[in-house]
$ cat entry28.txt   # compact mmCIF, C-alpha atoms
# COMPACT_ATOMS: atom_id res chain seq x y z
CA MET A 99 128.74 82.78 125.77
CA LYS A 100 125.94 85.36 125.56
CA GLN A 101 123.89 83.26 123.15
CA ASP A 102 124.07 80.24 125.49
CA VAL A 103 122.76 82.35 128.38
CA GLU A 104 119.88 83.67 126.26
CA VAL A 105 118.91 80.14 125.19
CA GLU A 106 118.94 78.93 128.80
CA SER A 107 116.68 81.86 129.74
CA ASN A 108 114.25 81.05 126.93
CA ILE A 109 114.11 77.40 127.99
CA ARG A 110 113.28 78.29 131.58
CA CYS A 111 110.45 80.54 130.39
CA GLN A 112 108.99 78.10 127.87
CA THR A 113 107.34 74.92 129.09
CA SER A 114 105.05 73.94 126.22
CA GLY A 115 103.45 75.06 122.98
CA GLY A 116 105.11 77.00 120.25
CA GLY A 117 104.50 74.89 117.18
CA LYS A 118 104.36 71.29 115.96
CA VAL A 119 107.56 69.26 115.58
CA ALA A 120 107.72 66.54 112.93
CA ILE A 121 110.23 63.91 114.03
CA LEU A 122 111.79 62.42 110.90
CA LEU A 123 112.80 58.91 111.95
CA CYS A 124 114.67 56.61 109.58
CA THR A 125 114.90 52.92 110.33
CA TYR A 126 116.62 49.86 108.93
CA ASP A 127 116.99 46.60 110.87
CA GLY A 128 116.84 48.56 114.12
CA GLN A 129 114.88 46.22 116.38
CA GLN A 130 117.58 46.04 119.09
CA PHE A 131 117.33 49.67 120.22
CA LEU A 132 114.32 51.18 118.45
CA ALA A 133 111.93 50.86 121.40
CA ASP A 134 114.33 52.84 123.63
CA GLN A 135 114.33 55.69 121.14
CA LEU A 136 110.55 55.69 120.78
CA GLU A 137 110.13 55.72 124.55
CA SER A 138 112.44 58.75 124.75
CA PHE A 139 110.06 60.58 122.38
CA ALA A 140 107.21 59.84 124.77
CA MET A 141 109.22 61.33 127.65
CA GLN A 142 109.74 64.69 125.95
CA THR A 143 108.79 67.72 128.03
CA TYR A 144 107.74 69.40 124.77
CA PRO A 145 104.40 67.76 123.93
CA ASP A 146 103.52 68.90 120.39
CA TRP A 147 105.27 66.32 118.21
CA GLU A 148 104.48 63.60 115.74
CA VAL A 149 106.67 60.87 114.24
CA TRP A 150 107.11 60.15 110.55
CA ALA A 151 108.95 56.84 110.33
CA SER A 152 110.50 55.79 107.04
CA ASP A 153 111.65 52.17 107.03
CA ASP A 154 114.19 51.25 104.38
CA GLY A 155 113.20 47.62 103.98
CA SER A 156 114.03 46.08 107.37
CA LYS A 157 114.24 42.29 107.50
CA ASP A 158 114.06 42.06 111.30
CA GLY A 159 111.29 43.06 113.73
CA THR A 160 111.60 46.83 113.16
CA HIS A 161 108.31 47.14 111.30
CA GLN A 162 106.47 45.17 113.97
CA ILE A 163 107.84 47.48 116.68
CA LEU A 164 106.71 50.54 114.73
CA GLN A 165 103.26 49.03 114.24
CA ALA A 166 102.97 48.25 117.96
CA TYR A 167 103.74 51.85 118.88
CA GLN A 168 101.38 53.10 116.20
CA SER A 169 98.62 51.01 117.78
CA LYS A 170 99.54 52.44 121.17
CA TRP A 171 99.88 56.09 120.14
CA GLY A 172 97.55 56.29 117.15
CA ALA A 173 98.24 56.84 113.46
CA ARG A 174 98.18 60.62 113.84
CA ARG A 175 101.04 60.44 116.36
CA LEU A 176 103.11 57.88 114.42
CA SER A 177 102.85 57.22 110.69
CA ILE A 178 104.88 54.55 108.92
CA HIS A 179 106.19 54.81 105.37
CA ALA A 180 108.39 52.85 102.97
CA GLY A 181 111.79 54.40 102.35
CA PRO A 182 113.55 54.60 98.96
CA ALA A 183 115.92 51.72 99.89
CA GLU A 184 118.93 53.70 98.69
CA GLY A 185 120.74 54.21 101.99
CA PHE A 186 120.30 56.41 105.04
CA VAL A 187 121.05 59.72 103.29
CA ALA A 188 118.40 59.15 100.63
CA ASN A 189 115.97 58.01 103.33
CA PHE A 190 116.38 61.19 105.40
CA LEU A 191 116.15 63.42 102.32
CA SER A 192 112.98 61.63 101.21
CA LEU A 193 111.34 62.57 104.52
CA THR A 194 112.73 66.10 104.41
CA CYS A 195 111.18 66.70 101.01
CA ASN A 196 107.91 64.83 101.61
CA ALA A 197 105.19 67.36 100.79
CA ASN A 198 102.69 65.56 103.01
CA ILE A 199 104.68 66.41 106.14
CA LEU A 200 103.53 69.77 107.47
CA ALA A 201 104.93 71.17 110.71
CA ASP A 202 106.61 74.22 112.20
CA PHE A 203 109.85 72.43 113.03
CA TYR A 204 111.57 69.23 111.90
CA ALA A 205 113.83 66.94 113.92
CA TYR A 206 116.08 64.27 112.43
CA SER A 207 116.20 61.05 114.44
CA ASP A 208 118.30 57.91 114.21
CA GLN A 209 116.81 54.62 115.36
CA ASP A 210 119.29 53.64 118.07
CA ASP A 211 119.86 56.71 120.25
CA VAL A 212 118.02 58.00 123.31
CA TRP A 213 116.84 61.61 123.50
CA GLU A 214 117.16 63.54 126.73
CA ALA A 215 113.72 64.64 127.94
CA ASP A 216 114.33 68.33 127.19
CA LYS A 217 115.81 67.91 123.70
CA LEU A 218 112.85 69.28 121.75
CA GLN A 219 112.10 71.94 124.35
CA ARG A 220 115.64 73.33 124.09
CA ALA A 221 115.60 73.23 120.30
CA VAL A 222 112.21 74.91 119.90
CA ALA A 223 113.10 77.55 122.49
CA TRP A 224 116.02 78.66 120.32
CA LEU A 225 114.26 78.24 116.97
CA LYS A 226 111.40 80.48 118.12
CA SER A 227 113.93 83.29 118.51
CA VAL A 228 114.76 83.04 114.78
CA PRO A 229 112.56 85.12 112.42
CA ALA A 230 110.23 82.84 110.48
CA ASN A 231 111.72 83.84 107.12
CA VAL A 232 115.29 83.06 108.23
CA PRO A 233 116.55 79.46 107.97
CA GLY A 234 117.33 78.21 111.47
CA LEU A 235 119.16 75.04 112.47
CA TYR A 236 119.68 73.77 116.01
CA CYS A 237 122.23 71.09 116.87
CA SER A 238 124.03 70.00 120.01
CA ARG A 239 126.76 68.08 121.69
CA THR A 240 126.04 64.42 122.52
CA ARG A 241 126.64 62.05 125.40
CA LEU A 242 128.13 58.76 124.22
CA ILE A 243 126.55 55.58 125.54
CA ASN A 244 127.15 51.86 125.09
CA THR A 245 124.62 49.17 124.26
CA ARG A 246 123.42 49.20 127.89
CA ASN A 247 122.72 52.96 127.85
CA GLU A 248 125.73 53.59 130.10
CA SER A 249 127.68 56.80 129.59
CA VAL A 250 131.13 56.23 128.05
CA GLY A 251 132.12 59.81 127.23
CA MET A 252 131.13 62.97 125.41
CA SER A 253 131.42 64.19 121.85
CA PRO A 254 133.92 67.03 121.20
CA LEU A 255 132.90 70.45 122.48
CA PHE A 256 133.07 72.92 119.60
CA THR A 257 133.63 76.51 120.68
CA LYS A 258 134.01 78.45 117.43
CA PRO A 259 130.85 79.96 115.93
CA PRO A 260 129.13 77.94 113.18
CA SER A 261 129.83 79.35 109.73
CA PHE A 262 129.84 78.50 106.05
CA SER A 263 133.65 78.60 105.95
CA ASN A 264 133.63 75.95 108.66
CA ALA A 265 130.83 73.96 107.00
CA LEU A 266 132.93 73.64 103.83
CA MET A 267 135.45 71.65 105.88
CA GLN A 268 133.40 69.77 108.49
CA ASN A 269 130.01 69.19 110.00
CA ILE A 270 129.79 70.17 113.67
CA GLY A 271 126.21 69.01 114.21
CA GLY A 272 125.22 65.36 114.19
CA GLY A 273 121.97 64.72 112.39
CA ASN A 274 120.64 62.92 115.46
CA THR A 275 120.68 66.28 117.29
CA MET A 276 119.37 68.52 114.49
CA VAL A 277 116.07 70.40 114.61
CA PHE A 278 115.27 73.04 111.98
CA ASN A 279 112.52 75.46 111.02
CA GLU A 280 110.30 75.64 107.94
CA ALA A 281 112.56 78.19 106.22
CA ALA A 282 115.49 75.78 106.48
CA ARG A 283 113.35 72.95 105.25
CA GLN A 284 112.33 74.99 102.20
CA LEU A 285 116.01 75.43 101.32
CA LEU A 286 116.52 71.68 101.39
CA LYS A 287 113.30 71.07 99.44
CA HIS A 288 114.42 73.63 96.85
CA VAL A 289 117.32 71.39 95.87
CA GLY A 290 115.30 68.22 96.34
CA GLU A 291 115.73 64.69 97.58
CA LYS A 292 117.75 63.46 94.59
CA VAL A 293 120.76 65.66 95.32
CA THR A 294 123.97 63.68 95.78
CA VAL A 295 125.55 64.67 99.09
CA VAL A 296 127.90 63.05 101.59
CA SER A 297 125.38 63.13 104.43
CA HIS A 298 122.02 64.75 105.11
CA ASP A 299 123.24 66.56 108.22
CA TRP A 300 126.40 68.02 106.65
CA TRP A 301 124.22 69.14 103.74
CA ALA A 302 121.85 70.92 106.12
CA TYR A 303 124.76 72.72 107.81
CA LEU A 304 126.15 73.79 104.42
CA ALA A 305 122.82 74.95 103.02
CA VAL A 306 121.67 76.92 106.06
CA THR A 307 124.97 78.71 106.73
CA GLY A 308 125.61 79.30 103.03
CA CYS A 309 122.26 80.99 102.48
CA GLY A 310 122.55 83.34 105.43
CA GLY A 311 120.64 81.26 107.94
CA LEU A 312 121.38 80.89 111.63
CA VAL A 313 122.89 77.85 113.31
CA TYR A 314 123.10 77.29 117.06
CA TYR A 315 125.42 74.65 118.47
CA ASP A 316 124.20 73.84 121.98
CA PRO A 317 127.05 72.74 124.29
CA TYR A 318 124.47 70.86 126.38
CA PRO A 319 124.22 67.20 125.27
CA THR A 320 120.61 66.57 124.23
CA VAL A 321 121.10 63.08 122.82
CA ARG A 322 122.52 59.87 124.25
CA TYR A 323 124.44 58.72 121.17
CA ARG A 324 124.63 54.93 121.01
CA GLN A 325 128.01 53.44 120.10
CA HIS A 326 127.83 49.91 118.73
CA VAL A 327 129.26 47.78 115.95
CA ALA A 328 126.26 48.32 113.64
CA ASN A 329 126.58 52.13 113.63
CA LEU A 330 126.74 53.48 110.10
CA VAL A 331 128.28 56.70 111.44
CA GLY A 332 129.82 56.42 114.90
CA MET A 333 131.78 58.77 117.13
CA ASN A 334 134.85 60.04 115.26
CA ASP A 335 137.02 61.48 118.03
CA SER A 336 139.07 58.41 118.96
CA TRP A 337 142.68 58.01 117.89
CA HIS A 338 141.62 55.10 115.69
CA ALA A 339 139.02 57.32 114.00
CA ARG A 340 141.60 60.06 113.51
CA MET A 341 144.01 57.62 111.89
CA MET A 342 141.22 56.41 109.63
CA ARG A 343 140.48 60.01 108.61
CA MET A 344 144.15 60.59 107.82
CA ARG A 345 144.13 57.47 105.66
CA MET A 346 140.98 58.64 103.86
CA VAL A 347 142.57 62.05 103.21
CA LYS A 348 145.67 60.36 101.80
CA GLN A 349 143.56 58.12 99.58
CA GLY A 350 141.55 61.07 98.25
CA GLN A 351 138.24 60.38 100.03
CA PHE A 352 138.03 63.87 101.54
CA LYS A 353 138.68 65.40 98.13
CA ARG A 354 135.87 63.33 96.63
CA TRP A 355 133.54 64.45 99.44
CA ASN A 356 134.36 68.07 98.62
CA ASP A 357 133.68 67.40 94.93
CA CYS A 358 130.26 66.12 95.94
CA ASN A 359 129.41 69.03 98.25
CA ILE A 360 130.60 71.66 95.78
CA ASP A 361 128.47 70.14 93.01
CA ALA A 362 125.42 70.08 95.29
CA LEU A 363 125.92 73.72 96.30
CA GLN A 364 125.67 74.83 92.68
CA ALA A 365 121.90 74.41 92.97
CA LEU A 366 121.92 77.07 95.71
CA THR A 367 124.34 79.52 94.10
CA HIS A 368 121.62 82.14 93.54
CA LEU A 369 120.60 81.93 97.22
CA LEU A 370 124.07 82.07 98.77
CA THR A 371 125.07 85.34 100.39
CA PRO A 372 127.58 87.33 98.30
CA LYS A 373 130.33 86.63 100.83
CA ASN A 374 129.63 82.91 100.89
CA ARG A 375 129.31 82.72 97.11
CA GLU A 376 132.75 84.26 96.83
CA ALA A 377 134.13 81.85 99.44
CA LEU A 378 132.70 78.88 97.55
CA ASN A 379 134.14 80.09 94.25
CA LEU A 380 137.56 80.70 95.80
CA PHE A 381 137.57 77.30 97.43
CA ALA A 382 136.32 75.45 94.33
CA SER A 383 138.71 77.11 91.89
CA GLY A 384 141.65 77.07 94.29
CA ARG A 385 141.62 73.30 94.52
CA SER A 386 143.02 73.00 91.00
CA GLN A 387 145.65 75.74 91.37
CA PRO A 388 149.40 75.28 91.94
CA LEU A 389 150.56 75.31 95.55
CA ILE A 390 150.99 79.04 96.31
CA PRO A 391 147.82 80.27 94.53
CA ARG A 392 145.94 77.33 96.05
CA LEU A 393 146.91 78.20 99.60
CA ALA A 394 146.26 81.89 98.95
CA GLN A 395 142.74 81.23 97.68
CA PHE A 396 141.96 78.91 100.58
CA LYS A 397 143.07 81.62 102.98
CA ARG A 398 140.88 84.20 101.25
CA ALA A 399 137.96 81.77 101.36
CA GLY A 400 138.48 81.51 105.11
CA ILE A 401 138.06 77.73 105.26
CA LYS A 402 138.70 76.34 108.73
CA ARG A 403 137.98 73.59 111.19
CA GLN A 404 137.14 73.89 114.86
CA THR A 405 140.40 72.98 116.62
CA LEU A 406 144.07 73.89 116.27
CA SER A 407 145.16 70.30 115.63
CA SER A 408 142.53 69.77 112.95
CA ASN A 409 143.49 73.06 111.29
CA VAL A 410 147.11 71.90 111.19
CA ALA A 411 145.93 68.70 109.53
CA LEU A 412 143.83 70.79 107.15
CA PHE A 413 146.87 72.85 106.15
CA ILE A 414 148.87 69.70 105.46
CA ALA A 415 146.05 68.27 103.34
CA ALA A 416 145.77 71.59 101.45
CA PHE A 417 149.55 71.66 100.93
CA PHE A 418 149.46 68.25 99.26
CA GLY A 419 146.32 68.98 97.25
CA LYS A 420 144.13 66.51 99.14
CA ILE A 421 141.10 68.73 99.68

$ encode --input "entry28.txt" --output "structure tokens"
Amino acid sequence: MKQDVEVESNIRCQTSGGGKVAILLCTYDGQQFLADQLESFAMQTYPDWEVWASDDGSKDGTHQILQAYQSKWGARRLSIHAGPAEGFVANFLSLTCNANILADFYAYSDQDDVWEADKLQRAVAWLKSVPANVPGLYCSRTRLINTRNESVGMSPLFTKPPSFSNALMQNIGGGNTMVFNEAARQLLKHVGEKVTVVSHDWWAYLAVTGCGGLVYYDPYPTVRYRQHVANLVGMNDSWHARMMRMRMVKQGQFKRWNDCNIDALQALTHLLTPKNREALNLFASGRSQPLIPRLAQFKRAGIKRQTLSSNVALFIAAFFGKI
């Protein structure tokens, strides 16, 4: 793809500088893998970063690990804060909307992954190509690892361009890969940290695409995504995960998620592009229509997922009124 080639060229040309990155790290009982993640920050080829860690009330040694690295790096490099203790989504949104955090770019980070050394460099290289007044969001594919940091596979490779019509149906960018600019952050701050959304990363994808921003999905895996039993959100491409998703659709979970996202998007209605505002209205109103008008409005809204099989499943769910 042309955009991929341009990003690779930018990365080769850029070795340092370009703006400060605030790493927004959320922790909760993460002592087992937290040090690995912090060490991967230190190995970044992009040097201008600082960590804002929000701990959601850990009962293990997480806080002690953070304090040890703060002593090693200094308080300006790593600051530690108390989270809202309302779950990981609220914790990430509290950091996103924290007025004391001032940077050029913002990177979400989970506590148990490992970043590849060029993660921030790749993200900033693309984000610098986005005009400062345009919301920009970078995300990427991931390499799956086990508890011993051994590769066990890759996340799905998405090939269709990011879009609002896709964001209405799925999130293609894991939060652990996301880096965004100040314009994107202002969108999220505009709605605020108390918004009720399914996940912070899906919300970012919806908000940025809906309001005419730019999203780049990097096919290069920039994060080693840890798979373990304590994952709140693990890899969802296994057959077991697919069966679980089908069960959730049948039980109405996907429909409830859409209720939540649609309600949240109302706060951005005045900032949505005309095309995306129409798509949202068609999708929202079509969900309560009889079968034929419902399918017709969904088609006009252009809602879609990334693969043929998932679009077939989407059609079936739409047919039975489960979205």

$ closest_residue --input "entry28.txt" --among "A:Asn264, A:Asn274, A:Thr160, A:Ser207" --to "Ala399 of chain A" --atoms "only C-alpha atoms"
A:Asn264

$ closest_residue --input "entry28.txt" --among "A:Ala415, A:Leu266, A:Ala305, A:Val321" --to "Thr371 of chain A" --atoms "all atoms listed in the file"
A:Ala305

$ residues_around --input "entry28.txt" --residues "Arg241 of chain A" --least-positions-apart "5" --cutoff "6 Å" --atoms "all atoms listed in the file" --output "number ranges by chain"
A: 252, 319, 322-323

$ residues_around --input "entry28.txt" --residues "segment 153-157 of chain A" --least-positions-apart "6" --cutoff "12 Å" --atoms "all atoms listed in the file" --output "PyMOL selection string"
chain A and resi 122-129+132+163-165+177-190+192-193+208-209

$ write_last_selection --input "entry28.txt" --atoms "C-alpha atoms" --output "PDB file, keeping the file's coordinate frame"
ATOM      1  CA  LEU A 122     111.790  62.420 110.900  1.00  0.00           C
ATOM      2  CA  LEU A 123     112.800  58.910 111.950  1.00  0.00           C
ATOM      3  CA  CYS A 124     114.670  56.610 109.580  1.00  0.00           C
ATOM      4  CA  THR A 125     114.900  52.920 110.330  1.00  0.00           C
ATOM      5  CA  TYR A 126     116.620  49.860 108.930  1.00  0.00           C
ATOM      6  CA  ASP A 127     116.990  46.600 110.870  1.00  0.00           C
ATOM      7  CA  GLY A 128     116.840  48.560 114.120  1.00  0.00           C
ATOM      8  CA  GLN A 129     114.880  46.220 116.380  1.00  0.00           C
ATOM      9  CA  LEU A 132     114.320  51.180 118.450  1.00  0.00           C
ATOM     10  CA  ILE A 163     107.840  47.480 116.680  1.00  0.00           C
ATOM     11  CA  LEU A 164     106.710  50.540 114.730  1.00  0.00           C
ATOM     12  CA  GLN A 165     103.260  49.030 114.240  1.00  0.00           C
ATOM     13  CA  SER A 177     102.850  57.220 110.690  1.00  0.00           C
ATOM     14  CA  ILE A 178     104.880  54.550 108.920  1.00  0.00           C
ATOM     15  CA  HIS A 179     106.190  54.810 105.370  1.00  0.00           C
ATOM     16  CA  ALA A 180     108.390  52.850 102.970  1.00  0.00           C
ATOM     17  CA  GLY A 181     111.790  54.400 102.350  1.00  0.00           C
ATOM     18  CA  PRO A 182     113.550  54.600  98.960  1.00  0.00           C
ATOM     19  CA  ALA A 183     115.920  51.720  99.890  1.00  0.00           C
ATOM     20  CA  GLU A 184     118.930  53.700  98.690  1.00  0.00           C
ATOM     21  CA  GLY A 185     120.740  54.210 101.990  1.00  0.00           C
ATOM     22  CA  PHE A 186     120.300  56.410 105.040  1.00  0.00           C
ATOM     23  CA  VAL A 187     121.050  59.720 103.290  1.00  0.00           C
ATOM     24  CA  ALA A 188     118.400  59.150 100.630  1.00  0.00           C
ATOM     25  CA  ASN A 189     115.970  58.010 103.330  1.00  0.00           C
ATOM     26  CA  PHE A 190     116.380  61.190 105.400  1.00  0.00           C
ATOM     27  CA  SER A 192     112.980  61.630 101.210  1.00  0.00           C
ATOM     28  CA  LEU A 193     111.340  62.570 104.520  1.00  0.00           C
ATOM     29  CA  ASP A 208     118.300  57.910 114.210  1.00  0.00           C
ATOM     30  CA  GLN A 209     116.810  54.620 115.360  1.00  0.00           C
TER      31      GLN A 209
END

$ closest_residue --input "entry28.txt" --among "A:Ser383, A:Gln162, A:Thr194, A:Asn374" --to "Asp357 of chain A" --atoms "only C-alpha atoms"
A:Ser383

$ closest_residue --input "entry28.txt" --among "A:Ser238, A:Gln387, A:Gln142, A:Asn379" --to "Tyr314 of chain A" --atoms "all atoms listed in the file"
A:Ser238
